[in-house]
Structure formats: structure tokens, C-alpha cells
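Have a look at target_26.csv below; it lists CSV, C-alpha atoms and all ligand atoms.
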chain,number,residue,atom,x,y,z
A,1,MET,CA,4.9,-50.4,27.8
A,2,ASN,CA,8.5,-49.4,28.2
A,3,TRP,CA,9.6,-46.1,29.8
A,4,GLY,CA,10.6,-44.5,26.6
A,5,TYR,CA,7.3,-45.2,24.9
A,6,ARG,CA,5.4,-43.7,27.8
A,7,MET,CA,7.6,-40.6,27.7
A,8,SER,CA,6.9,-40.1,24.0
A,9,ILE,CA,3.2,-40.2,24.6
A,10,ALA,CA,3.5,-37.8,27.4
A,11,VAL,CA,5.5,-35.3,25.3
A,12,VAL,CA,3.1,-35.5,22.4
A,13,ALA,CA,0.2,-34.9,24.7
A,14,LEU,CA,1.8,-31.9,26.4
A,15,VAL,CA,2.7,-30.4,23.0
A,16,SER,CA,-0.8,-30.9,21.8
A,17,VAL,CA,-2.3,-29.2,24.9
A,18,PHE,CA,0.1,-26.3,24.4
A,19,VAL,CA,-0.8,-25.9,20.8
A,20,VAL,CA,-4.5,-26.0,21.5
A,21,VAL,CA,-4.2,-23.5,24.3
A,22,PHE,CA,-1.9,-21.2,22.4
A,23,TYR,CA,-3.9,-21.0,19.2
A,24,THR,CA,-7.5,-21.4,20.2
A,25,VAL,CA,-8.1,-20.7,23.9
A,26,LEU,CA,-5.9,-17.6,24.3
A,27,PRO,CA,-7.6,-14.4,23.1
A,28,PRO,CA,-6.4,-12.6,19.9
A,29,GLY,CA,-3.4,-10.6,20.6
A,30,ALA,CA,-2.0,-12.9,23.3
A,31,ASN,CA,0.6,-14.3,20.9
A,32,ALA,CA,1.5,-11.1,19.1
A,33,VAL,CA,4.8,-9.3,19.6
A,34,SER,CA,2.9,-6.2,20.4
A,35,PRO,CA,0.2,-4.3,18.5
A,36,LEU,CA,1.1,-1.9,15.7
A,37,PRO,CA,-0.3,1.6,15.6
A,38,VAL,CA,-3.7,2.1,14.1
A,39,ILE,CA,-3.1,2.7,10.4
A,40,ARG,CA,-4.8,5.8,8.9
A,41,ILE,CA,-6.9,5.1,5.9
A,42,ILE,CA,-6.4,8.6,4.5
A,43,SER,CA,-4.0,11.2,5.6
A,44,SER,CA,-5.5,14.4,6.8
A,45,VAL,CA,-6.7,16.3,3.8
A,46,GLN,CA,-3.9,18.5,2.3
A,47,ARG,CA,-4.9,21.7,0.6
A,48,LEU,CA,-2.5,23.2,-1.9
A,49,THR,CA,-3.1,27.0,-2.0
A,50,ASP,CA,0.4,28.3,-3.0
A,51,PRO,CA,1.3,28.2,-6.7
A,52,ARG,CA,4.9,27.2,-5.7
A,53,GLU,CA,3.7,23.9,-4.3
A,54,LYS,CA,4.5,20.7,-6.2
A,55,LEU,CA,3.7,17.0,-5.8
A,56,LEU,CA,5.8,14.1,-7.0
A,57,PHE,CA,4.0,10.8,-7.2
A,58,VAL,CA,6.3,7.8,-7.5
A,59,GLY,CA,5.4,4.3,-8.7
A,60,ASP,CA,6.3,1.0,-7.1
A,61,VAL,CA,9.9,1.2,-5.9
A,62,HIS,CA,10.1,-2.4,-4.6
A,63,GLY,CA,13.4,-2.2,-2.8
A,64,ARG,CA,15.2,-0.4,-5.6
A,65,TYR,CA,16.7,2.4,-3.4
A,66,ASP,CA,19.3,3.1,-6.1
A,67,ALA,CA,16.5,3.9,-8.6
A,68,LEU,CA,14.6,6.1,-6.1
A,69,LEU,CA,17.8,8.0,-5.3
A,70,GLN,CA,18.5,8.5,-8.9
A,71,LEU,CA,15.0,9.9,-9.6
A,72,ILE,CA,15.3,12.4,-6.7
A,73,ASP,CA,18.8,13.4,-7.6
A,74,THR,CA,18.0,13.9,-11.2
A,75,GLN,CA,14.9,16.0,-10.5
A,76,TYR,CA,15.9,17.9,-7.4
A,77,GLY,CA,19.7,17.4,-6.9
A,78,GLY,CA,19.1,15.2,-3.8
A,79,ILE,CA,16.6,15.0,-1.0
A,80,ASP,CA,18.3,17.8,0.9
A,81,ALA,CA,17.6,20.2,-2.0
A,82,VAL,CA,13.8,19.4,-2.0
A,83,ASP,CA,12.2,22.5,-0.7
A,84,GLU,CA,9.3,22.9,1.7
A,85,HIS,CA,6.9,23.5,-1.3
A,86,THR,CA,7.5,19.9,-2.7
A,87,LYS,CA,5.9,16.7,-1.4
A,88,ILE,CA,7.0,13.3,-2.6
A,89,VAL,CA,4.3,10.6,-2.5
A,90,LEU,CA,5.4,6.9,-2.8
A,91,LEU,CA,2.4,5.0,-4.2
A,92,GLY,CA,3.0,1.8,-2.3
A,93,ASP,CA,4.9,-1.5,-2.8
A,94,PHE,CA,8.1,0.2,-1.9
A,95,LEU,CA,9.4,-2.9,-0.1
A,96,MET,CA,10.6,-6.3,-1.3
A,97,LYS,CA,11.7,-7.8,-4.6
A,98,GLY,CA,14.7,-5.5,-5.0
A,99,PRO,CA,17.7,-5.8,-2.6
A,100,GLN,CA,17.4,-2.5,-0.6
A,101,SER,CA,14.1,-2.5,1.3
A,102,LYS,CA,15.8,-1.3,4.5
A,103,GLU,CA,17.4,1.6,2.7
A,104,VAL,CA,14.1,2.6,1.2
A,105,ALA,CA,12.4,2.4,4.6
A,106,ASP,CA,15.1,4.5,6.3
A,107,TYR,CA,15.0,7.1,3.5
A,108,ILE,CA,11.3,7.5,4.1
A,109,LEU,CA,11.6,7.6,7.9
A,110,SER,CA,14.5,10.1,7.8
A,111,HIS,CA,12.6,12.5,5.6
A,112,LYS,CA,9.0,12.2,6.9
A,113,ASP,CA,8.3,15.9,6.3
A,114,LYS,CA,9.2,15.5,2.6
A,115,ILE,CA,8.1,12.0,1.8
A,116,ALA,CA,4.6,10.6,2.2
A,117,CYS,CA,4.1,6.9,1.8
A,118,LEU,CA,1.1,4.8,0.9
A,119,LEU,CA,0.8,1.2,1.8
A,120,GLY,CA,0.5,-1.5,-0.9
A,121,ASN,CA,-0.5,-5.1,-0.7
A,122,THR,CA,3.2,-5.9,-0.1
A,123,GLU,CA,3.5,-3.7,3.0
A,124,ILE,CA,0.1,-4.8,4.4
A,125,THR,CA,1.2,-8.5,4.1
A,126,VAL,CA,4.5,-7.7,5.8
A,127,LEU,CA,2.7,-5.9,8.6
A,128,LEU,CA,0.2,-8.8,9.0
A,129,SER,CA,3.2,-11.1,9.3
A,130,ALA,CA,4.8,-8.9,11.9
A,131,VAL,CA,1.7,-9.1,14.2
A,132,ASN,CA,1.2,-12.8,13.5
A,133,PRO,CA,4.7,-14.3,13.9
A,134,PHE,CA,3.2,-17.8,14.1
A,135,TYR,CA,1.1,-17.5,11.0
A,136,ARG,CA,2.0,-20.9,9.7
A,137,PHE,CA,-0.4,-22.3,12.3
A,138,ARG,CA,-3.0,-19.7,12.6
A,139,MET,CA,-3.4,-16.0,12.1
A,140,ARG,CA,-5.1,-14.3,15.0
A,141,ASN,CA,-4.2,-10.6,15.0
A,142,PRO,CA,-5.8,-8.2,12.5
A,143,LEU,CA,-4.3,-4.9,11.4
A,144,VAL,CA,-6.5,-2.1,12.7
A,145,PHE,CA,-7.3,0.9,10.5
A,146,SER,CA,-9.0,4.2,11.2
A,147,HIS,CA,-12.7,4.2,10.3
A,148,ASN,CA,-12.9,1.0,12.5
A,149,LYS,CA,-11.9,-1.2,9.6
A,150,THR,CA,-9.7,-4.2,10.0
A,151,VAL,CA,-7.7,-6.5,7.8
A,152,SER,CA,-7.3,-10.0,9.2
A,153,SER,CA,-6.4,-13.5,8.5
A,154,ALA,CA,-7.9,-15.5,5.7
A,155,MET,CA,-9.2,-12.3,4.2
A,156,ARG,CA,-10.7,-13.2,0.8
A,157,ASP,CA,-12.1,-11.1,-1.9
A,158,SER,CA,-15.5,-11.7,-3.4
A,159,ALA,CA,-14.2,-14.8,-5.3
A,160,HIS,CA,-12.7,-16.3,-2.2
A,161,GLU,CA,-9.1,-15.9,-3.3
A,162,LEU,CA,-6.8,-15.3,-0.3
A,163,ILE,CA,-5.7,-11.6,-0.5
A,164,PHE,CA,-3.1,-11.3,2.2
A,165,GLU,CA,-1.3,-14.5,3.0
A,166,PRO,CA,2.1,-14.0,4.7
A,167,LYS,CA,4.7,-16.3,3.3
A,168,GLY,CA,8.4,-17.0,4.2
A,169,LYS,CA,9.6,-14.0,2.2
A,170,HIS,CA,7.3,-11.7,4.2
A,171,ARG,CA,8.6,-13.2,7.5
A,172,ALA,CA,12.1,-12.7,6.2
A,173,MET,CA,11.3,-9.0,5.5
A,174,VAL,CA,9.9,-8.6,9.1
A,175,SER,CA,13.3,-10.0,10.4
A,176,GLU,CA,15.3,-7.8,8.1
A,177,LEU,CA,13.4,-4.5,8.9
A,178,GLY,CA,12.7,-5.3,12.6
A,179,TYR,CA,9.5,-4.5,14.5
A,180,PRO,CA,10.3,-0.9,15.6
A,181,ARG,CA,11.0,0.2,12.0
A,182,LEU,CA,7.8,-1.5,10.8
A,183,SER,CA,5.9,0.2,13.6
A,184,ARG,CA,7.2,3.6,12.5
A,185,LEU,CA,6.2,2.9,8.9
A,186,ALA,CA,2.7,1.9,10.0
A,187,GLU,CA,2.5,5.2,11.9
A,188,HIS,CA,3.7,7.4,9.1
A,189,CYS,CA,2.2,5.7,6.0
A,190,THR,CA,-1.5,5.7,5.1
A,191,ILE,CA,-3.7,3.8,2.7
A,192,ALA,CA,-4.6,6.8,0.6
A,193,ALA,CA,-3.8,10.5,0.4
A,194,LYS,CA,-6.0,13.3,-0.9
A,195,PHE,CA,-4.8,16.6,-2.2
A,196,ASP,CA,-7.2,19.5,-2.9
A,197,LEU,CA,-5.8,21.8,-5.6
A,198,THR,CA,-7.6,24.9,-4.5
A,199,LEU,CA,-6.2,27.0,-7.3
A,200,THR,CA,-8.1,24.9,-9.9
A,201,GLY,CA,-10.8,23.3,-7.8
A,202,SER,CA,-9.5,19.8,-8.7
A,203,THR,CA,-8.5,16.9,-6.5
A,204,LEU,CA,-5.8,14.3,-6.7
A,205,TYR,CA,-5.9,11.0,-4.8
A,206,GLY,CA,-2.9,8.7,-4.3
A,207,VAL,CA,-3.6,5.0,-3.6
A,208,HIS,CA,-1.7,1.8,-4.3
A,209,ALA,CA,-4.1,-0.3,-6.3
A,210,GLY,CA,-7.1,1.9,-7.2
A,211,MET,CA,-10.3,3.7,-6.3
A,212,ILE,CA,-13.9,3.4,-7.3
A,213,PRO,CA,-15.8,6.6,-8.1
A,214,GLY,CA,-17.5,7.6,-4.9
A,215,ASP,CA,-14.8,6.3,-2.6
A,216,PHE,CA,-14.0,8.8,0.1
A,217,SER,CA,-17.1,10.8,-0.7
A,218,ASP,CA,-18.9,12.3,2.4
A,219,ASP,CA,-20.9,9.0,2.8
A,220,GLU,CA,-18.4,7.0,4.8
A,221,HIS,CA,-20.1,3.8,3.9
A,222,ALA,CA,-19.3,4.4,0.3
A,223,LEU,CA,-15.6,3.6,1.0
A,224,SER,CA,-14.3,0.4,-0.6
A,225,SER,CA,-12.6,-2.1,1.6
A,226,VAL,CA,-9.0,-1.7,2.4
A,227,ALA,CA,-8.4,-4.8,0.4
A,228,SER,CA,-9.8,-3.1,-2.7
A,229,LEU,CA,-7.7,0.1,-2.2
A,230,VAL,CA,-4.5,-1.9,-1.9
A,231,ASN,CA,-5.0,-5.0,-4.1
A,232,MET,CA,-7.7,-4.7,-6.8
A,233,LYS,CA,-7.2,-4.7,-10.5
A,234,TYR,CA,-10.7,-5.6,-11.6
A,235,VAL,CA,-14.3,-4.7,-10.6
A,236,ASN,CA,-17.6,-6.4,-11.3
A,237,GLY,CA,-19.0,-4.0,-13.9
A,238,LYS,CA,-22.5,-4.7,-12.5
A,239,ASN,CA,-21.7,-4.5,-8.8
A,240,LYS,CA,-18.9,-2.2,-8.0
A,241,THR,CA,-18.7,-3.4,-4.4
A,242,GLN,CA,-17.0,-6.6,-5.8
A,243,THR,CA,-13.4,-6.2,-6.7
A,244,ALA,CA,-10.6,-8.7,-7.3
A,245,ARG,CA,-7.0,-8.9,-8.4
A,246,LYS,CA,-7.7,-11.6,-11.0
A,247,GLN,CA,-10.0,-11.2,-13.9
A,248,SER,CA,-11.2,-14.8,-13.6
A,249,SER,CA,-12.3,-14.2,-10.0
A,250,LEU,CA,-15.3,-11.9,-11.0
A,251,PRO,CA,-18.3,-12.0,-13.2
A,252,HIS,CA,-18.5,-9.0,-15.6
A,253,ALA,CA,-14.9,-8.2,-14.7
A,254,LYS,CA,-13.5,-5.0,-16.1
A,255,ARG,CA,-10.5,-2.9,-15.1
A,256,TRP,CA,-11.5,-0.6,-12.2
A,257,TYR,CA,-10.3,2.5,-14.0
A,258,LYS,CA,-12.9,2.0,-16.8
A,259,LEU,CA,-15.5,3.2,-14.2
A,260,TRP,CA,-13.8,6.6,-14.4
A,261,GLU,CA,-14.1,7.0,-18.1
A,262,GLY,CA,-16.6,9.5,-19.3
A,263,THR,CA,-17.1,10.9,-15.8
A,264,ARG,CA,-17.0,14.6,-15.4
A,265,SER,CA,-15.4,14.3,-12.0
A,266,PRO,CA,-12.7,16.8,-11.1
A,267,VAL,CA,-10.8,13.9,-9.5
A,268,THR,CA,-7.6,12.2,-10.7
A,269,VAL,CA,-6.4,9.0,-9.2
A,270,LEU,CA,-2.7,8.2,-9.1
A,271,TYR,CA,-1.7,4.6,-8.4
A,272,GLY,CA,0.8,1.8,-8.9
A,273,HIS,CA,0.3,-2.0,-8.5
A,274,ASP,CA,-0.3,-2.9,-12.1
A,275,ALA,CA,3.1,-3.6,-13.7
A,276,SER,CA,1.5,-5.9,-16.2
A,277,ARG,CA,-0.2,-2.9,-17.7
A,278,GLY,CA,2.8,-0.7,-17.2
A,279,LEU,CA,2.6,3.1,-17.5
A,280,ASN,CA,-1.1,3.8,-18.0
A,281,LEU,CA,-1.9,7.5,-18.2
A,282,ARG,CA,-5.6,8.3,-18.7
A,283,LYS,CA,-7.7,11.3,-18.1
A,284,HIS,CA,-8.8,10.5,-14.6
A,285,THR,CA,-6.4,7.7,-13.7
A,286,LYS,CA,-2.6,7.6,-13.8
A,287,GLY,CA,-1.0,4.2,-13.4
A,288,LEU,CA,2.7,4.6,-12.6
A,289,ASP,CA,4.0,1.0,-12.0
A,290,SER,CA,6.3,0.5,-15.0
A,291,GLY,CA,8.0,-2.6,-13.6
A,292,CYS,CA,11.1,-1.2,-11.9
A,293,ALA,CA,11.3,-4.5,-9.9
A,294,ARG,CA,11.6,-6.5,-13.2
A,295,GLY,CA,14.2,-4.3,-14.8
A,296,GLY,CA,11.8,-1.8,-16.3
A,297,GLN,CA,11.6,1.8,-15.2
A,298,LEU,CA,10.8,3.8,-12.1
A,299,SER,CA,8.1,6.3,-13.1
A,300,ALA,CA,6.9,9.5,-11.5
A,301,LEU,CA,4.5,12.3,-12.2
A,302,GLU,CA,5.3,15.8,-11.0
A,303,TYR,CA,2.3,18.2,-10.6
A,304,SER,CA,3.2,21.9,-10.6
A,305,TYR,CA,1.2,25.0,-11.1
A,306,ASN,CA,1.6,26.9,-14.3
A,307,THR,CA,0.9,30.5,-13.6
A,308,GLY,CA,0.7,31.3,-17.4
A,309,ASP,CA,-2.4,29.2,-18.1
A,310,HIS,CA,-3.6,28.8,-14.5
A,311,GLU,CA,-3.5,25.0,-14.7
A,312,TYR,CA,-1.5,22.2,-13.1
A,313,THR,CA,0.7,20.4,-15.5
A,314,ALA,CA,1.9,16.8,-14.9
A,315,GLN,CA,5.4,16.1,-16.1
A,316,LEU,CA,6.5,12.5,-16.5
A,317,LEU,CA,9.9,11.4,-15.1
A,318,GLN,CA,11.5,8.0,-15.6
A,319,VAL,CA,14.7,6.4,-14.6
A,320,HIS,CA,16.0,2.9,-15.7
A,321,CYS,CA,16.1,0.2,-13.1
A,401,MN,MN,0.9,-4.2,-5.6

Give the structure from the file, written as C-alpha cells.
Amino acid sequence: MNWGYRMSIAVVALVSVFVVVFYTVLPPGANAVSPLPVIRIISSVQRLTDPREKLLFVGDVHGRYDALLQLIDTQYGGIDAVDEHTKIVLLGDFLMKGPQSKEVADYILSHKDKIACLLGNTEITVLLSAVNPFYRFRMRNPLVFSHNKTVSSAMRDSAHELIFEPKGKHRAMVSELGYPRLSRLAEHCTIAAKFDLTLTGSTLYGVHAGMIPGDFSDDEHALSSVASLVNMKYVNGKNKTQTARKQSSLPHAKRWYKLWEGTRSPVTVLYGHDASRGLNLRKHTKGLDSGCARGGQLSALEYSYNTGDHEYTAQLLQVHC
């Protein structure tokens, strides 16, 4: 054997040993940049007791900072004019697709007191990519949520379809936003938000994909998986613990919001995620993803208390994208 040939074998062997040690022997976390903050599943319960308080729920922004600005400008005359009685709630998937993800992230982080953000499947996948920079070989580091839940690699729904699989575009988003900014988003945003409207005894939940009746009830075990909350479109009508994004992935598949029809619950769920259905306003469920990312509209619902009839009214706002 000549010298060059021996060297090639030695190099291949060394690289193989390195890869094996790096991806199998080292404990999880060893090849992460650094851990992200624990992500809160639900923000601390917010009680609205003052009739002046308003909530503005905004559908999937998807990097369209221009549309978000136009919405806030049209309704309030700019973010600086939003008073302390008004809370803006972004319903997830505010990153990617459109060209201005960084501007959207900075807008949120510069106005944390006025803007609450929920994490969608897009943000979860970007965050998974951030803590697994070498995902193309193997994903080792889960995201950690309050309630001791995790979302990790190769996470599949009941039909074994991969739910969160970071791809090149997610890695590119990690590079564009940078780790410190993503870490601040992970700290500020939550998976869901609950608002108790004490003046009427009703409750509003915001969540990116959807909620099953009974989620967030006092029985903690009734909580759906994080994957359901941020990614589902369908539920198995005969087993509501099984959810999926695709209809073909489930037996007895029906849209999750059908489970809310006919209930006498005082709960209303506001969500995004389902641009294929578009604006979808029902009694207990309000779908607000009207396809801004594909040239549709950015939709929002503003809840304000009407002192005349002692009810909250929901006003629809839309801007063209
Ligand atoms: Mn989504």
C-alpha cells in the first residue's frame, strides 16, 4: 500500500470515530449551542376586569411586517398610541414565508408589554433547529416546556408523520435572526394564552393550531400534546387524543373545531394555522389565518366591552397583504 492510500484510510477512520462519538456517545446537549429558556405552555392567566380593556387577536403574519404595521396603524394610529388597556396577541406563525421576519421579531420584542406572542409550528421548528444545529445528522436536543413536556426530534403524530423537521429554510432563519433574538422570543412567547373576561364570565383562549374541549381544564393530564396545540387540523372523532395535520393520517378524521359545536361552554378559541380554510368564524372557534403569506389578507378580531348591552363585541379587521 502506498503512503497516500494509508493516509486516506486513516482520515476516514478518524472522521468515523469523531462522528460516532459526537452523535451517539456524547450526552444530549453536548453539541447544542446552549439551551433555550423553558417555554411556557400557557401565559399566566389574565383577568380582564376593566370595561376599557381590549384584546386584538391577529392571524398568521408570516414575515409580513408591512401588513402588521398597517393593521396597527389603521386601528390605533401606531403602536405608540396603543394604550395600557389594549393587548395585541399574535396567534403564531409570525416568522418565515414573507421577507421581514426579523422586523416582526424586533417589533414584538420592542413592545413586550403591548404584544403577546404565541408560538406556531413554524417557530417551534425554527427553535428546534436552533438547538440542533447539526440536525442533518441527528437531532439530540429537545425543546423543554413548562408542565414537564418536551418536543424532540423525530416527533410524529399518531399516524407517524413527522411533525417538526427542521429543513434548510429553518436553518437559514436561525442564521438570520441569531440565537439571542430566538432565545428572547422563546422567553416571551407562549404556546397558549387564556383571558378570563370577568365582566361576562366567559373565557377566550389563543393558540396557534387549535384546542380540544377539556384542554387546560383543572386536570393537567387532559392537556393535549404541544404538537396538537401548534400543528393539528384534524382529530379522530372517536378518540380525541389522536390529532393530525392531514386528514388522511387519521381514522374518523374531522376538523378539531367540530368538537366544539353544540357545546354550551363559555369558551371561545382564537387560532390561525389553517389558511386553506381561510377566515373561519364560528360560535366557539375563530380561525384568523386568511392567507397573508400567499397574498390574501391579514385578519384580526378586536374584543371590546360594550357597556350598553354588557357584552363583549368582536370586530373584524382586515388589511390586504
Ligand atoms: Mn401553522

For this session: Set the cut-off to 10 Å, count only C-alpha atoms and all ligand atoms, and list whatever residues fall near ligand MN 401 (chain A) as a list in words.
Result: Asp60, His62, Leu91, Gly92, Asp93, Phe94, Leu119, Gly120, Asn121, Thr122, Glu123, His208, Ala209, Val230, Asn231, Met232, Lys233, Arg245, Tyr271, Gly272, His273, Asp274, Ala275 and Asp289 of chain A

Deliver the residues from the most recent selection as a file, using C-alpha atoms, as a PDB file, in the coordinates of the input.
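Produced file selection-v2.pdb, reproduced below:
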ATOM      1  CA  ASP A  60       6.300   1.000  -7.100  1.00  0.00           C
ATOM      2  CA  HIS A  62      10.100  -2.400  -4.600  1.00  0.00           C
ATOM      3  CA  LEU A  91       2.400   5.000  -4.200  1.00  0.00           C
ATOM      4  CA  GLY A  92       3.000   1.800  -2.300  1.00  0.00           C
ATOM      5  CA  ASP A  93       4.900  -1.500  -2.800  1.00  0.00           C
ATOM      6  CA  PHE A  94       8.100   0.200  -1.900  1.00  0.00           C
ATOM      7  CA  LEU A 119       0.800   1.200   1.800  1.00  0.00           C
ATOM      8  CA  GLY A 120       0.500  -1.500  -0.900  1.00  0.00           C
ATOM      9  CA  ASN A 121      -0.500  -5.100  -0.700  1.00  0.00           C
ATOM     10  CA  THR A 122       3.200  -5.900  -0.100  1.00  0.00           C
ATOM     11  CA  GLU A 123       3.500  -3.700   3.000  1.00  0.00           C
ATOM     12  CA  HIS A 208      -1.700   1.800  -4.300  1.00  0.00           C
ATOM     13  CA  ALA A 209      -4.100  -0.300  -6.300  1.00  0.00           C
ATOM     14  CA  VAL A 230      -4.500  -1.900  -1.900  1.00  0.00           C
ATOM     15  CA  ASN A 231      -5.000  -5.000  -4.100  1.00  0.00           C
ATOM     16  CA  MET A 232      -7.700  -4.700  -6.800  1.00  0.00           C
ATOM     17  CA  LYS A 233      -7.200  -4.700 -10.500  1.00  0.00           C
ATOM     18  CA  ARG A 245      -7.000  -8.900  -8.400  1.00  0.00           C
ATOM     19  CA  TYR A 271      -1.700   4.600  -8.400  1.00  0.00           C
ATOM     20  CA  GLY A 272       0.800   1.800  -8.900  1.00  0.00           C
ATOM     21  CA  HIS A 273       0.300  -2.000  -8.500  1.00  0.00           C
ATOM     22  CA  ASP A 274      -0.300  -2.900 -12.100  1.00  0.00           C
ATOM     23  CA  ALA A 275       3.100  -3.600 -13.700  1.00  0.00           C
ATOM     24  CA  ASP A 289       4.000   1.000 -12.000  1.00  0.00           C
TER      25      ASP A 289
END

Exercise. Which polymer residues have any atom within 12 Å of an atom of region 41-44 of chain A, counting all atoms listed in the file, with same-chain residues fewer than 3 positions away left out, as an MDAnalysis selection string?
Worked result: chainID A and resid 38 47 89 116:119 143:151 186:196 205:208 215:216 220 223:227 229:230

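CA of Ala81 (chain A) sits 17.7 Å away from CA of Tyr303 (chain A).
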
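Proximity of A:Arg282, A:His170, A:Lys240, A:Arg140 to Thr125 (chain A), computed with only C-alpha atoms, is greatest for A:His170.
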
Exercise. Which protein, DNA or RNA residues have an atom at most 8 Å from (6.7, 10.3, -6.2), counting only C-alpha atoms? List them as JSON, numbers by chain.
Worked result: {"A": [55, 56, 57, 58, 59, 88, 89, 90, 91, 300, 301, 302]}

Output the selection as a compact mmCIF listing (two decimals), in the frame of the given file - C-alpha atoms for each residue.
# COMPACT_ATOMS: atom_id res chain seq x y z
CA LEU A 55 3.70 17.00 -5.80
CA LEU A 56 5.80 14.10 -7.00
CA PHE A 57 4.00 10.80 -7.20
CA VAL A 58 6.30 7.80 -7.50
CA GLY A 59 5.40 4.30 -8.70
CA ILE A 88 7.00 13.30 -2.60
CA VAL A 89 4.30 10.60 -2.50
CA LEU A 90 5.40 6.90 -2.80
CA LEU A 91 2.40 5.00 -4.20
CA ALA A 300 6.90 9.50 -11.50
CA LEU A 301 4.50 12.30 -12.20
CA GLU A 302 5.30 15.80 -11.00

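Shortest atom-to-atom contact with Gly237 (chain A) among A:Pro180, A:Arg255, A:Pro37, A:Ser249: A:Arg255, counting only C-alpha atoms.
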
For this session: Fewer than 6 positions away in the same chain doesn't count, so skip those; otherwise give me all residues within 7 Å of Cys292 (chain A), counting only C-alpha atoms, as a PyMOL selection string.
Result: chain A and resi 61+298+321

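Atom pair CA of Phe164 (chain A) / CA of Leu204 (chain A) has a distance of 27.2 Å (rounded to one decimal).
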
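Between CA of Gly214 (chain A) and CA of Thr200 (chain A) the interatomic distance comes to 20.3 Å.
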
For region 149-207 of chain A versus region 107-113 of chain A, which residues have an atom no more than 9 Å away, and what is each residue's nearest atom pair and distance in Å rounded to one decimal, using all atoms listed in the file, chain-then-number order, as JSON lines?
{"residue": "A:Arg181", "atom": "CA", "partner": "A:Leu109", "partner_atom": "CA", "distance": 8.5}
{"residue": "A:Arg184", "atom": "CA", "partner": "A:Leu109", "partner_atom": "CA", "distance": 7.5}
{"residue": "A:Leu185", "atom": "CA", "partner": "A:Leu109", "partner_atom": "CA", "distance": 7.2}
{"residue": "A:His188", "atom": "CA", "partner": "A:Lys112", "partner_atom": "CA", "distance": 7.5}

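Excluding Pro213 (chain A) itself and same-chain residues fewer than 2 positions from it, the residues having an atom within 8 Å of it are Met211, Asp215, Leu259 and Trp260 of chain A, counting only C-alpha atoms.
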
Rebuild region 64-81 of chain A to N, CA and C atoms - output it as a PDB file, in the coordinates of the input, please.
ATOM      1  N   ARG A  64      14.169  -0.914  -4.681  1.00  0.00           N
ATOM      2  CA  ARG A  64      15.200  -0.400  -5.600  1.00  0.00           C
ATOM      3  C   ARG A  64      15.563   1.048  -5.103  1.00  0.00           C
ATOM      4  N   TYR A  65      16.274   1.108  -3.969  1.00  0.00           N
ATOM      5  CA  TYR A  65      16.700   2.400  -3.400  1.00  0.00           C
ATOM      6  C   TYR A  65      17.550   3.158  -4.408  1.00  0.00           C
ATOM      7  N   ASP A  66      18.392   2.445  -5.153  1.00  0.00           N
ATOM      8  CA  ASP A  66      19.300   3.100  -6.100  1.00  0.00           C
ATOM      9  C   ASP A  66      18.440   3.894  -7.159  1.00  0.00           C
ATOM     10  N   ALA A  67      17.351   3.277  -7.638  1.00  0.00           N
ATOM     11  CA  ALA A  67      16.500   3.900  -8.600  1.00  0.00           C
ATOM     12  C   ALA A  67      15.790   5.148  -8.035  1.00  0.00           C
ATOM     13  N   LEU A  68      15.304   4.984  -6.798  1.00  0.00           N
ATOM     14  CA  LEU A  68      14.600   6.100  -6.100  1.00  0.00           C
ATOM     15  C   LEU A  68      15.561   7.271  -5.936  1.00  0.00           C
ATOM     16  N   LEU A  69      16.779   6.972  -5.472  1.00  0.00           N
ATOM     17  CA  LEU A  69      17.800   8.000  -5.300  1.00  0.00           C
ATOM     18  C   LEU A  69      18.076   8.745  -6.588  1.00  0.00           C
ATOM     19  N   GLN A  70      18.215   7.939  -7.643  1.00  0.00           N
ATOM     20  CA  GLN A  70      18.500   8.500  -8.900  1.00  0.00           C
ATOM     21  C   GLN A  70      17.438   9.462  -9.419  1.00  0.00           C
ATOM     22  N   LEU A  71      16.190   9.045  -9.175  1.00  0.00           N
ATOM     23  CA  LEU A  71      15.000   9.900  -9.600  1.00  0.00           C
ATOM     24  C   LEU A  71      15.072  11.219  -8.824  1.00  0.00           C
ATOM     25  N   ILE A  72      15.265  11.156  -7.506  1.00  0.00           N
ATOM     26  CA  ILE A  72      15.300  12.400  -6.700  1.00  0.00           C
ATOM     27  C   ILE A  72      16.469  13.254  -7.048  1.00  0.00           C
ATOM     28  N   ASP A  73      17.609  12.613  -7.244  1.00  0.00           N
ATOM     29  CA  ASP A  73      18.800  13.400  -7.600  1.00  0.00           C
ATOM     30  C   ASP A  73      18.668  14.068  -8.929  1.00  0.00           C
ATOM     31  N   THR A  74      18.109  13.324  -9.905  1.00  0.00           N
ATOM     32  CA  THR A  74      18.000  13.900 -11.200  1.00  0.00           C
ATOM     33  C   THR A  74      17.028  15.088 -11.231  1.00  0.00           C
ATOM     34  N   GLN A  75      15.923  14.953 -10.484  1.00  0.00           N
ATOM     35  CA  GLN A  75      14.900  16.000 -10.500  1.00  0.00           C
ATOM     36  C   GLN A  75      15.218  17.183  -9.611  1.00  0.00           C
ATOM     37  N   TYR A  76      15.787  16.871  -8.431  1.00  0.00           N
ATOM     38  CA  TYR A  76      15.900  17.900  -7.400  1.00  0.00           C
ATOM     39  C   TYR A  76      17.375  18.159  -6.977  1.00  0.00           C
ATOM     40  N   GLY A  77      18.291  17.301  -7.425  1.00  0.00           N
ATOM     41  CA  GLY A  77      19.700  17.400  -6.900  1.00  0.00           C
ATOM     42  C   GLY A  77      19.800  16.896  -5.507  1.00  0.00           C
ATOM     43  N   GLY A  78      19.005  15.863  -5.176  1.00  0.00           N
ATOM     44  CA  GLY A  78      19.100  15.200  -3.800  1.00  0.00           C
ATOM     45  C   GLY A  78      17.989  15.646  -2.921  1.00  0.00           C
ATOM     46  N   ILE A  79      17.726  14.797  -1.930  1.00  0.00           N
ATOM     47  CA  ILE A  79      16.600  15.000  -1.000  1.00  0.00           C
ATOM     48  C   ILE A  79      16.781  16.301  -0.200  1.00  0.00           C
ATOM     49  N   ASP A  80      18.026  16.629   0.094  1.00  0.00           N
ATOM     50  CA  ASP A  80      18.300  17.800   0.900  1.00  0.00           C
ATOM     51  C   ASP A  80      17.923  19.113   0.146  1.00  0.00           C
ATOM     52  N   ALA A  81      17.903  18.994  -1.189  1.00  0.00           N
ATOM     53  CA  ALA A  81      17.600  20.200  -2.000  1.00  0.00           C
ATOM     54  C   ALA A  81      16.079  20.293  -2.266  1.00  0.00           C
TER      55      ALA A  81
END
